[in-house]
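Visitor: What follows is coords.cif, mmCIF, C-alpha atoms and all ligand atoms.
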```cif
data_query
loop_
_atom_site.label_atom_id
_atom_site.label_comp_id
_atom_site.auth_asym_id
_atom_site.auth_seq_id
_atom_site.Cartn_x
_atom_site.Cartn_y
_atom_site.Cartn_z
CA MET A 148 84.18 44.97 88.26
CA LYS A 149 84.89 48.55 87.39
CA HIS A 150 82.06 49.71 89.54
CA HIS A 151 83.28 47.53 92.37
CA SER A 152 86.86 48.86 92.26
CA SER A 153 85.74 52.49 92.13
CA PHE A 154 83.58 51.80 95.16
CA ARG A 155 86.59 50.36 96.95
CA LEU A 156 88.63 53.41 96.00
CA THR A 157 85.99 55.79 97.33
CA TYR A 158 85.72 53.71 100.47
CA ARG A 159 89.47 53.67 100.98
CA LEU A 160 89.73 57.37 100.25
CA GLY A 161 87.02 57.96 102.81
CA ILE A 162 89.00 56.06 105.43
CA LEU A 163 92.10 57.96 104.43
CA LEU A 164 90.39 61.33 104.73
CA LEU A 165 88.86 60.33 108.01
CA THR A 166 92.21 59.21 109.40
CA SER A 167 93.98 62.34 108.21
CA SER A 168 91.29 64.59 109.67
CA LEU A 169 91.62 62.70 112.96
CA ILE A 170 95.38 63.21 112.82
CA SER A 171 95.02 66.91 112.12
CA SER A 172 92.52 67.40 114.90
CA CYS A 173 94.93 65.71 117.34
CA LYS A 174 97.92 67.72 116.04
CA GLN A 175 99.62 70.14 118.42
CA PRO A 176 99.35 73.81 117.41
CA ASP A 177 102.24 74.88 115.14
CA PRO A 178 104.97 76.17 117.46
CA LEU A 179 106.01 78.71 114.82
CA TYR A 180 103.85 81.81 114.65
CA HIS A 181 104.15 83.89 111.46
CA GLN A 182 102.67 87.28 110.78
CA GLN A 183 103.30 89.69 107.95
CA LEU A 184 102.70 93.41 108.36
CA TYR A 185 103.01 96.22 105.87
CA VAL A 186 104.48 99.14 107.75
CA PHE A 187 107.51 101.44 107.45
CA GLY A 188 107.11 101.33 103.68
CA THR A 189 107.99 97.64 103.61
CA PHE A 190 106.80 94.15 104.48
CA VAL A 191 107.72 93.23 108.03
CA GLU A 192 107.73 89.54 108.91
CA LEU A 193 107.39 88.40 112.49
CA THR A 194 108.27 84.86 113.54
CA PHE A 195 107.81 83.67 117.12
CA TRP A 196 108.67 80.27 118.53
CA LYS A 197 106.34 78.56 121.01
CA VAL A 198 104.33 81.58 122.04
CA PRO A 199 100.64 81.20 122.98
CA GLU A 200 98.40 82.42 120.13
CA ASP A 201 96.85 85.31 122.11
CA THR A 202 100.24 86.55 123.36
CA ALA A 203 101.59 86.34 119.80
CA GLN A 204 98.67 88.28 118.36
CA HIS A 205 98.89 90.94 121.05
CA ALA A 206 102.65 91.28 120.42
CA ALA A 207 102.14 91.56 116.64
CA THR A 208 99.57 94.34 117.15
CA GLN A 209 101.94 96.15 119.50
CA ILE A 210 104.89 95.86 117.09
CA ALA A 211 102.74 97.14 114.22
CA ALA A 212 101.74 100.17 116.32
CA ASP A 213 105.36 100.81 117.40
CA LEU A 214 106.66 100.65 113.84
CA GLN A 215 103.89 102.92 112.63
CA THR A 216 104.88 105.51 115.25
CA MET A 217 108.57 105.28 114.31
CA HIS A 218 107.72 105.64 110.64
CA ARG A 219 105.63 108.73 111.38
CA ASN A 220 108.18 110.33 113.72
CA TRP A 221 111.29 109.67 111.64
CA HIS A 222 109.98 110.30 108.15
CA ALA A 223 112.51 112.20 106.03
CA TRP A 224 110.11 114.06 103.75
CA GLN A 225 106.57 113.85 105.10
CA PRO A 226 105.79 116.07 108.12
CA SER A 227 107.42 114.38 111.13
CA LEU A 228 109.55 115.13 114.18
CA LEU A 229 112.55 114.76 111.87
CA THR A 230 111.25 117.28 109.33
CA ASN A 231 110.54 119.66 112.25
CA LEU A 232 114.15 119.27 113.33
CA ASN A 233 115.31 119.80 109.74
CA GLY A 234 113.28 123.00 109.56
CA ALA A 235 114.97 124.25 112.75
CA CYS A 236 118.45 123.33 111.42
CA ALA A 237 117.80 125.23 108.18
CA ALA A 238 116.62 128.28 110.15
CA GLY A 239 119.54 128.18 112.59
CA GLN A 240 117.19 127.39 115.48
CA THR A 241 117.30 124.87 118.29
CA TYR A 242 114.73 122.07 118.36
CA THR A 243 113.74 120.19 121.49
CA VAL A 244 113.45 116.58 120.37
CA PRO A 245 110.41 115.16 122.21
CA ASP A 246 111.09 111.48 121.42
CA ALA A 247 113.76 109.50 123.31
CA SER A 248 114.33 106.98 120.52
CA LEU A 249 114.87 109.68 117.88
CA LEU A 250 117.31 111.44 120.20
CA PHE A 251 119.20 108.21 120.85
CA MET A 252 119.38 107.44 117.13
CA LEU A 253 120.71 110.94 116.40
CA LYS A 254 123.47 110.49 118.99
CA GLN A 255 124.47 107.12 117.60
CA ALA A 256 124.26 108.37 114.03
CA LYS A 257 126.57 111.27 114.87
CA GLN A 258 129.10 108.98 116.54
CA TRP A 259 129.11 106.41 113.74
CA SER A 260 129.13 109.00 110.99
CA ILE A 261 132.30 110.54 112.38
CA ALA A 262 133.82 107.09 113.02
CA SER A 263 133.14 106.03 109.41
CA ASP A 264 134.98 109.13 108.10
CA GLY A 265 131.63 110.51 106.94
CA LEU A 266 130.81 107.69 104.52
CA PHE A 267 127.68 107.09 106.56
CA ASN A 268 126.41 110.65 106.56
CA PRO A 269 122.73 111.16 107.41
CA ALA A 270 123.22 114.95 107.09
CA ILE A 271 123.09 114.76 103.26
CA GLY A 272 119.30 114.75 103.05
CA LYS A 273 119.33 117.60 100.49
CA LEU A 274 121.52 115.52 98.19
CA ILE A 275 119.26 112.48 98.56
CA ALA A 276 116.25 114.66 97.75
CA LEU A 277 118.10 116.19 94.77
CA TRP A 278 118.54 112.70 93.31
CA GLY A 279 114.79 112.16 93.61
CA PHE A 280 114.75 109.65 96.46
CA HIS A 281 112.43 111.64 98.69
CA ARG A 282 109.39 110.12 97.09
CA ASP A 283 107.85 106.69 96.73
CA ASP A 284 107.80 106.57 92.95
CA PHE A 285 111.04 105.84 91.12
CA SER A 286 109.96 106.35 87.55
CA SER A 287 112.67 107.32 85.09
CA HIS A 288 113.98 110.88 85.36
CA PRO A 289 117.24 112.58 84.42
CA PRO A 290 119.93 112.74 87.11
CA PRO A 291 120.55 116.17 88.66
CA SER A 292 123.01 118.56 87.04
CA ALA A 293 126.67 118.52 88.04
CA SER A 294 126.38 122.14 89.17
CA ALA A 295 123.42 121.42 91.49
CA ILE A 296 125.39 118.55 93.07
CA ALA A 297 128.55 120.67 93.38
CA GLU A 298 126.58 123.44 95.06
CA LEU A 299 125.32 121.08 97.79
CA LEU A 300 128.73 119.44 98.25
CA ALA A 301 130.34 122.86 98.71
CA GLN A 302 128.09 123.44 101.74
CA HIS A 303 129.63 120.33 103.30
CA PRO A 304 126.82 119.15 105.62
CA THR A 305 128.12 116.68 108.22
CA MET A 306 126.94 115.13 111.48
CA ASP A 307 129.77 117.04 113.17
CA ASP A 308 127.75 120.20 112.50
CA LEU A 309 125.00 118.85 114.75
CA SER A 310 125.03 119.76 118.43
CA ILE A 311 123.04 117.49 120.76
CA GLU A 312 122.75 118.65 124.37
CA GLY A 313 120.10 116.89 126.38
CA GLN A 314 117.02 117.13 124.20
CA GLN A 315 118.24 120.29 122.49
CA VAL A 316 119.47 119.78 118.95
CA SER A 317 120.78 122.42 116.56
CA SER A 318 123.07 122.68 113.56
CA ARG A 319 125.80 125.24 112.98
CA ASN A 320 125.41 124.53 109.25
CA PRO A 321 122.03 125.38 107.68
CA ALA A 322 122.76 122.92 104.84
CA VAL A 323 122.33 119.98 107.22
CA GLN A 324 119.16 118.05 106.37
CA LEU A 325 118.82 114.77 108.23
CA ASP A 326 117.74 111.58 106.50
CA LEU A 327 117.92 108.53 108.74
CA GLY A 328 116.99 106.03 106.01
CA ALA A 329 120.33 104.21 106.34
CA ILE A 330 119.95 103.45 110.05
CA ALA A 331 116.24 103.69 110.91
CA LYS A 332 115.13 100.17 110.01
CA GLY A 333 118.08 98.58 111.80
CA TYR A 334 117.28 100.60 114.90
CA ALA A 335 113.58 99.80 114.48
CA VAL A 336 114.31 96.05 114.65
CA ASP A 337 116.43 96.64 117.77
CA LEU A 338 113.44 98.38 119.38
CA ALA A 339 110.99 95.75 118.13
CA LEU A 340 112.94 92.93 119.77
CA GLU A 341 113.30 94.92 122.98
CA ARG A 342 109.52 95.26 122.95
CA LEU A 343 109.05 91.53 122.36
CA ARG A 344 111.27 90.76 125.35
CA THR A 345 109.19 93.00 127.59
CA LEU A 346 106.13 91.06 126.40
CA GLY A 347 107.80 87.82 127.49
CA ILE A 348 108.78 86.61 124.01
CA GLN A 349 112.30 85.18 124.09
CA ASN A 350 112.60 83.45 120.71
CA ALA A 351 111.75 85.52 117.67
CA ILE A 352 112.75 87.01 114.32
CA VAL A 353 111.74 90.43 113.05
CA ASN A 354 112.56 91.03 109.39
CA ALA A 355 111.87 94.51 108.04
CA GLY A 356 112.71 94.13 104.35
CA GLY A 357 116.26 92.78 104.67
CA ASN A 358 116.82 94.37 108.07
CA LEU A 359 116.54 91.36 110.31
CA LYS A 360 117.17 90.62 113.95
CA VAL A 361 116.74 87.48 116.02
CA ILE A 362 116.57 86.69 119.69
CA GLY A 363 116.87 83.23 121.20
CA SER A 364 116.57 80.15 119.03
CA LYS A 365 114.17 77.36 118.08
CA ASP A 366 114.41 74.89 120.97
CA GLY A 367 118.17 75.40 121.09
CA THR A 368 118.58 75.19 117.29
CA PRO A 369 119.84 78.48 115.78
CA TRP A 370 117.58 80.29 113.35
CA SER A 371 118.56 79.77 109.72
CA ILE A 372 118.53 83.02 107.77
CA GLY A 373 118.68 83.44 103.98
CA ILE A 374 120.61 86.34 102.46
CA ARG A 375 119.11 87.36 99.14
CA HIS A 376 121.04 87.48 95.91
CA PRO A 377 121.53 91.13 94.90
CA SER A 378 120.89 90.57 91.19
CA GLN A 379 118.58 87.55 91.19
CA PRO A 380 115.28 88.53 92.81
CA GLY A 381 113.77 85.77 94.92
CA GLU A 382 117.05 83.79 95.01
CA VAL A 383 118.92 83.10 98.23
CA LEU A 384 122.66 83.62 97.82
CA ALA A 385 123.73 82.19 101.17
CA THR A 386 122.37 81.10 104.53
CA LEU A 387 123.56 81.83 108.01
CA LYS A 388 122.79 80.42 111.44
CA VAL A 389 122.02 83.01 114.09
CA SER A 390 120.93 82.84 117.71
CA GLY A 391 121.11 84.78 120.97
CA GLU A 392 120.79 88.42 119.96
CA GLU A 393 122.03 89.15 116.46
CA SER A 394 121.06 91.27 113.50
CA VAL A 395 121.65 90.44 109.85
CA ILE A 396 121.33 93.58 107.78
CA THR A 397 121.76 93.91 104.03
CA SER A 398 122.12 97.10 102.07
CA GLY A 399 121.75 96.77 98.33
CA ASP A 400 121.60 98.78 95.13
CA TYR A 401 118.41 96.90 94.21
CA GLU A 402 116.28 98.27 97.06
CA ARG A 403 115.46 101.72 95.70
CA PHE A 404 116.69 102.99 92.36
CA PHE A 405 115.63 104.60 89.11
CA GLU A 406 116.81 104.00 85.60
CA TYR A 407 117.58 106.64 83.02
CA GLN A 408 118.83 105.97 79.49
CA GLY A 409 119.76 102.40 80.41
CA PHE A 410 121.73 103.33 83.52
CA ARG A 411 120.71 102.42 87.05
CA TYR A 412 121.02 105.09 89.76
CA THR A 413 120.83 103.64 93.25
CA HIS A 414 119.73 105.38 96.46
CA ILE A 415 123.07 104.99 98.25
CA ILE A 416 124.94 108.24 97.72
CA ASP A 417 128.68 108.73 98.15
CA PRO A 418 128.94 111.93 100.25
CA ARG A 419 132.40 112.68 98.77
CA THR A 420 131.23 112.86 95.17
CA GLY A 421 127.48 113.37 95.54
CA GLN A 422 126.99 110.43 93.14
CA PRO A 423 125.15 107.13 93.65
CA THR A 424 127.55 104.25 94.33
CA THR A 425 128.50 101.98 91.42
CA ASP A 426 130.96 99.51 92.87
CA LEU A 427 129.26 97.01 95.20
CA ALA A 428 125.82 95.50 94.67
CA SER A 429 125.23 94.60 98.32
CA VAL A 430 126.81 94.35 101.74
CA THR A 431 125.56 92.22 104.63
CA VAL A 432 126.67 92.95 108.18
CA VAL A 433 126.02 90.74 111.20
CA ASP A 434 126.20 92.45 114.57
CA LYS A 435 124.36 92.53 117.86
CA SER A 436 123.23 96.10 117.19
CA GLY A 437 120.81 96.37 114.29
CA ALA A 438 121.36 100.14 114.14
CA LEU A 439 125.14 99.76 113.79
CA ALA A 440 124.83 96.92 111.26
CA ASP A 441 122.39 99.00 109.18
CA ALA A 442 124.45 102.21 109.25
CA MET A 443 127.60 100.27 108.41
CA ALA A 444 126.09 98.11 105.66
CA THR A 445 125.34 101.40 103.87
CA ALA A 446 128.78 102.85 104.65
CA LEU A 447 130.56 99.70 103.41
CA VAL A 448 128.66 99.79 100.11
CA ILE A 449 130.02 103.33 99.69
CA ALA A 450 133.55 102.32 100.77
CA GLY A 451 133.53 99.92 97.82
CA ALA A 452 135.33 96.69 96.92
CA GLN A 453 138.82 98.01 97.71
CA LYS A 454 138.22 99.88 100.95
CA TRP A 455 135.40 98.06 102.77
CA PRO A 456 137.70 95.64 104.66
CA GLN A 457 139.61 98.57 106.19
CA LEU A 458 136.40 100.36 107.21
CA ALA A 459 134.95 97.14 108.66
CA LYS A 460 138.09 96.80 110.79
CA GLN A 461 137.94 100.45 111.83
CA MET A 462 134.32 99.97 112.94
CA GLY A 463 135.06 96.70 114.78
CA LEU A 464 132.85 94.58 112.50
CA ASN A 465 133.74 90.89 112.27
CA TYR A 466 131.02 89.49 110.07
CA VAL A 467 130.73 91.10 106.64
CA MET A 468 129.81 89.78 103.21
CA ALA A 469 130.10 92.05 100.16
CA VAL A 470 128.95 91.25 96.62
CA ASP A 471 130.23 93.28 93.69
CA LYS A 472 128.43 94.06 90.44
CA LYS A 473 129.99 91.00 88.76
CA GLY A 474 128.59 88.75 91.45
CA ILE A 475 131.95 88.10 93.15
CA VAL A 476 131.43 87.45 96.87
CA TYR A 477 133.91 88.79 99.42
CA LEU A 478 133.85 87.54 103.02
CA THR A 479 135.70 88.44 106.19
CA PRO A 480 137.38 85.33 107.67
CA ALA A 481 134.87 85.19 110.54
CA MET A 482 131.94 85.47 108.11
CA ALA A 483 133.47 82.78 105.85
CA LYS A 484 133.28 80.37 108.79
CA ARG A 485 129.57 81.04 109.33
CA VAL A 486 128.00 81.52 105.95
CA GLN A 487 126.82 78.57 103.87
CA PHE A 488 126.32 78.31 100.10
CA ASP A 489 124.46 75.50 98.43
CA PRO A 490 126.73 73.37 96.19
CA VAL A 491 125.38 74.81 92.91
CA THR A 492 125.84 78.42 94.03
CA ARG A 493 129.28 77.58 95.37
CA SER A 494 130.36 76.05 92.07
CA LEU A 495 129.04 79.03 90.06
CA THR A 496 130.27 81.83 92.31
CA LYS A 497 133.72 83.28 92.84
CA ILE A 498 134.08 83.53 96.62
CA ILE A 499 137.06 85.39 98.07
CA GLU A 500 138.07 85.58 101.73
CA VAL A 501 139.60 88.94 102.59
CA LYS A 502 141.51 89.82 105.74
CA ASN A 503 140.07 92.75 107.61
P1 LIG B 601 120.13 101.48 103.36
O1 LIG B 601 118.97 100.89 102.65
O2 LIG B 601 120.21 101.13 104.80
O3 LIG B 601 121.44 101.26 102.66
O4 LIG B 601 119.92 103.06 103.39
C1 LIG B 601 119.84 103.80 102.22
C2 LIG B 601 119.11 105.09 102.51
O5 LIG B 601 119.94 105.90 103.34
C3 LIG B 601 118.83 105.91 101.27
O6 LIG B 601 117.55 105.61 100.75
C4 LIG B 601 118.93 107.33 101.78
O7 LIG B 601 117.72 107.69 102.39
C5 LIG B 601 120.00 107.23 102.86
N1 LIG B 601 121.38 107.44 102.40
C6 LIG B 601 121.88 107.39 101.13
N2 LIG B 601 123.21 107.61 101.13
C7 LIG B 601 123.57 107.78 102.42
C8 LIG B 601 124.82 108.03 103.06
N3 LIG B 601 125.97 108.15 102.41
N4 LIG B 601 124.81 108.15 104.42
C9 LIG B 601 123.66 108.03 105.13
N5 LIG B 601 122.48 107.81 104.57
C10 LIG B 601 122.42 107.67 103.24
MG MG B 602 121.73 100.91 106.12
#
```
Translate the structure of the given file into structure tokens.

Guide:
Amino acid sequence: MKHHSSFRLTYRLGILLLTSSLISSCKQPDPLYHQQLYVFGTFVELTFWKVPEDTAQHAATQIAADLQTMHRNWHAWQPSLLTNLNGACAAGQTYTVPDASLLFMLKQAKQWSIASDGLFNPAIGKLIALWGFHRDDFSSHPPPSASAIAELLAQHPTMDDLSIEGQQVSSRNPAVQLDLGAIAKGYAVDLALERLRTLGIQNAIVNAGGNLKVIGSKDGTPWSIGIRHPSQPGEVLATLKVSGEESVITSGDYERFFEYQGFRYTHIIDPRTGQPTTDLASVTVVDKSGALADAMATALVIAGAQKWPQLAKQMGLNYVMAVDKKGIVYLTPAMAKRVQFDPVTRSLTKIIEVKN
């Protein structure tokens, strides 16, 4: 009997396997194309909806090449067009920027730096280097001395010091050292989606390590995007539906930091004090422009729990979510209408709507 039943099982299993292999061979190709790249010092995830496999692969190769070029041209501490420009600024010389996208980013960065009262200040590259963030390894080291910080602050490098006329860029202040780390990935996703459109791809997501932008939708259904929890790696704090052309950019103290004697020093530096920020753990901004959302997510982290709503208003941002070090979530009214928390997170989290 035993033998008989095991025979029947094998027989049935065989039928089952046969049927399932028939089903899978008849299955339509998956309309979602996923590709992960490692470029720009981060993992970049591409998602395309209903794009023929060869078009998708060609587009992924093109995006990888584009991002590689941006990374090379805009690098803040390895030889690049940006370090050439920094050399010229330090020497009081004029540099002819040969790359249209770098030039455009510099113009936007100048405008938004001034508009954010200098909280977003990409001219503080020397300060960022002084804190040890111009390297890829964040092993423990002592923070810089108060006098070294004070010396750099006294030189007051700002984007206002930068003159941009045509392709000619110069600085009236030799202390200006540009670091575009707070805006570059947001702008890179803007450019990546522009590229996808030119390749005929209308429905896509590009996610460069928390700097995400979508175009289109999934057969008319908005994309659902997870926003990571700043203090619980791998956990999604909230989700958001996005479609059309929108970026969702998060700046957080967890991205790059070092620890020294039990204290965490993050890579987001307050240009007023020269110190890493301590108030907010993360800020998420949703805006059509990835570059603006990126620059402002950084600026809002610096503005802190008290002042970010005012700065968001000043910068015309409607959709902002800020999370402080205690895990309290603050939302603009427009963001509160869009963002979703699962019931457990909602019951465990203090969520406050703030007018901006
Ligand atoms: P993000 O990850 O977009 O918040 O950008 C942080 C990066 O921007 C840092 O790693 C620095 O390279 C740079 N940065 C830090 N503080 C500032 C600041 N106040 N203004 C502009 N860029 C900054
Ligand atoms: Mg940023």

Visitor: Which residues form the shell of 8 Å around ligand LIG 601 (chain B) when you count all atoms listed in the file, given as an MDAnalysis selection string?

Guide: chainID A and resid 223 260 265:272 275 280:281 326:333 397:400 402:403 414:418 423 441:442 444:446 448:449

Visitor: May I have the residues within 12 Å of A:Arg319 as a list in words, using only C-alpha atoms and disregarding those fewer than 6 positions away in the same chain?

Guide: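 What passes the distance filter is Ala235, Cys236, Ala237, Ala238, Gly239, Gln240, Thr241, Gln302, His303, Pro304, Thr305, Met306, Asp307, Asp308, Leu309, Ser310 and Ile311 of chain A.
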
Visitor: I'd like the contact shell of A:Thr345 - 12 Å cut-off, only C-alpha atoms, skipping same-chain residues fewer than 6 positions apart - returned as a list of chain:residue names.

Guide: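 In the requested form, the answer reads A:Thr202, A:Ala206, A:Gln209, A:Ile210, A:Leu338, A:Ala339.
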
Visitor: Please compute the atom CA of A:Ala438-atom CA of A:Asp337 distance, one decimal, in Å.

Guide: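 So the answer is 7.1 Å.
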
Visitor: Within 8 Å of A:Val198, counting all atoms listed in the file, which residues qualify if same-chain residues fewer than 6 places away don't, as an MDAnalysis selection string?

Guide: chainID A and resid 178:180 348

Visitor: Which residue gives the smallest distance to A:Ser371 among A:Arg419, A:Lys435, A:Arg485, A:Arg219, with only C-alpha atoms counted?

Guide: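 Of the candidates, the smallest distance to A:Ser371 is held by A:Arg485.
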
Visitor: Compare A:Thr431, A:Ser286, A:Gln487, A:Thr386 by their minimum atom-to-atom distance to ligand MG 602 (chain B), counting only C-alpha atoms and all ligand atoms, and give me the closest one.

Guide: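 Counting only C-alpha atoms and all ligand atoms, the residue closest to ligand MG 602 (chain B) is A:Thr431.
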
Visitor: Neighbours of stretch 472-478 of chain A within 7 Å (all atoms listed in the file; same-chain residues fewer than 6 positions away dropped), as an mmCIF file with C-alpha atoms, in the coordinates of the input?

Guide:
```cif
data_model
loop_
_atom_site.group_PDB
_atom_site.id
_atom_site.type_symbol
_atom_site.label_atom_id
_atom_site.label_comp_id
_atom_site.auth_asym_id
_atom_site.auth_seq_id
_atom_site.Cartn_x
_atom_site.Cartn_y
_atom_site.Cartn_z
ATOM 1 C CA ASP A 426 130.960 99.510 92.870
ATOM 2 C CA LEU A 427 129.260 97.010 95.200
ATOM 3 C CA ALA A 428 125.820 95.500 94.670
ATOM 4 C CA THR A 496 130.270 81.830 92.310
ATOM 5 C CA LYS A 497 133.720 83.280 92.840
ATOM 6 C CA ILE A 498 134.080 83.530 96.620
ATOM 7 C CA ILE A 499 137.060 85.390 98.070
ATOM 8 C CA GLU A 500 138.070 85.580 101.730
ATOM 9 C CA VAL A 501 139.600 88.940 102.590
#
```

Visitor: Using only C-alpha atoms for the distances, tell me which of A:Leu439, A:Val430, A:Asn465, A:Gln408 is nearest to A:Ala452.

Guide: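 The answer is A:Val430, which sits nearest to A:Ala452.
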
Visitor: So how far away is atom CA of A:Met252 from atom CA of A:Ser318, in Å?

Guide: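 Separation of atom CA of A:Ser318 and atom CA of A:Met252: 16.1 Å.
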
Visitor: Restricting the calculation to all atoms listed in the file: of A:Gln453, A:Thr420, A:Gln258, A:Gln225, which residue gets closest to A:Glu298?

Guide: A:Thr420
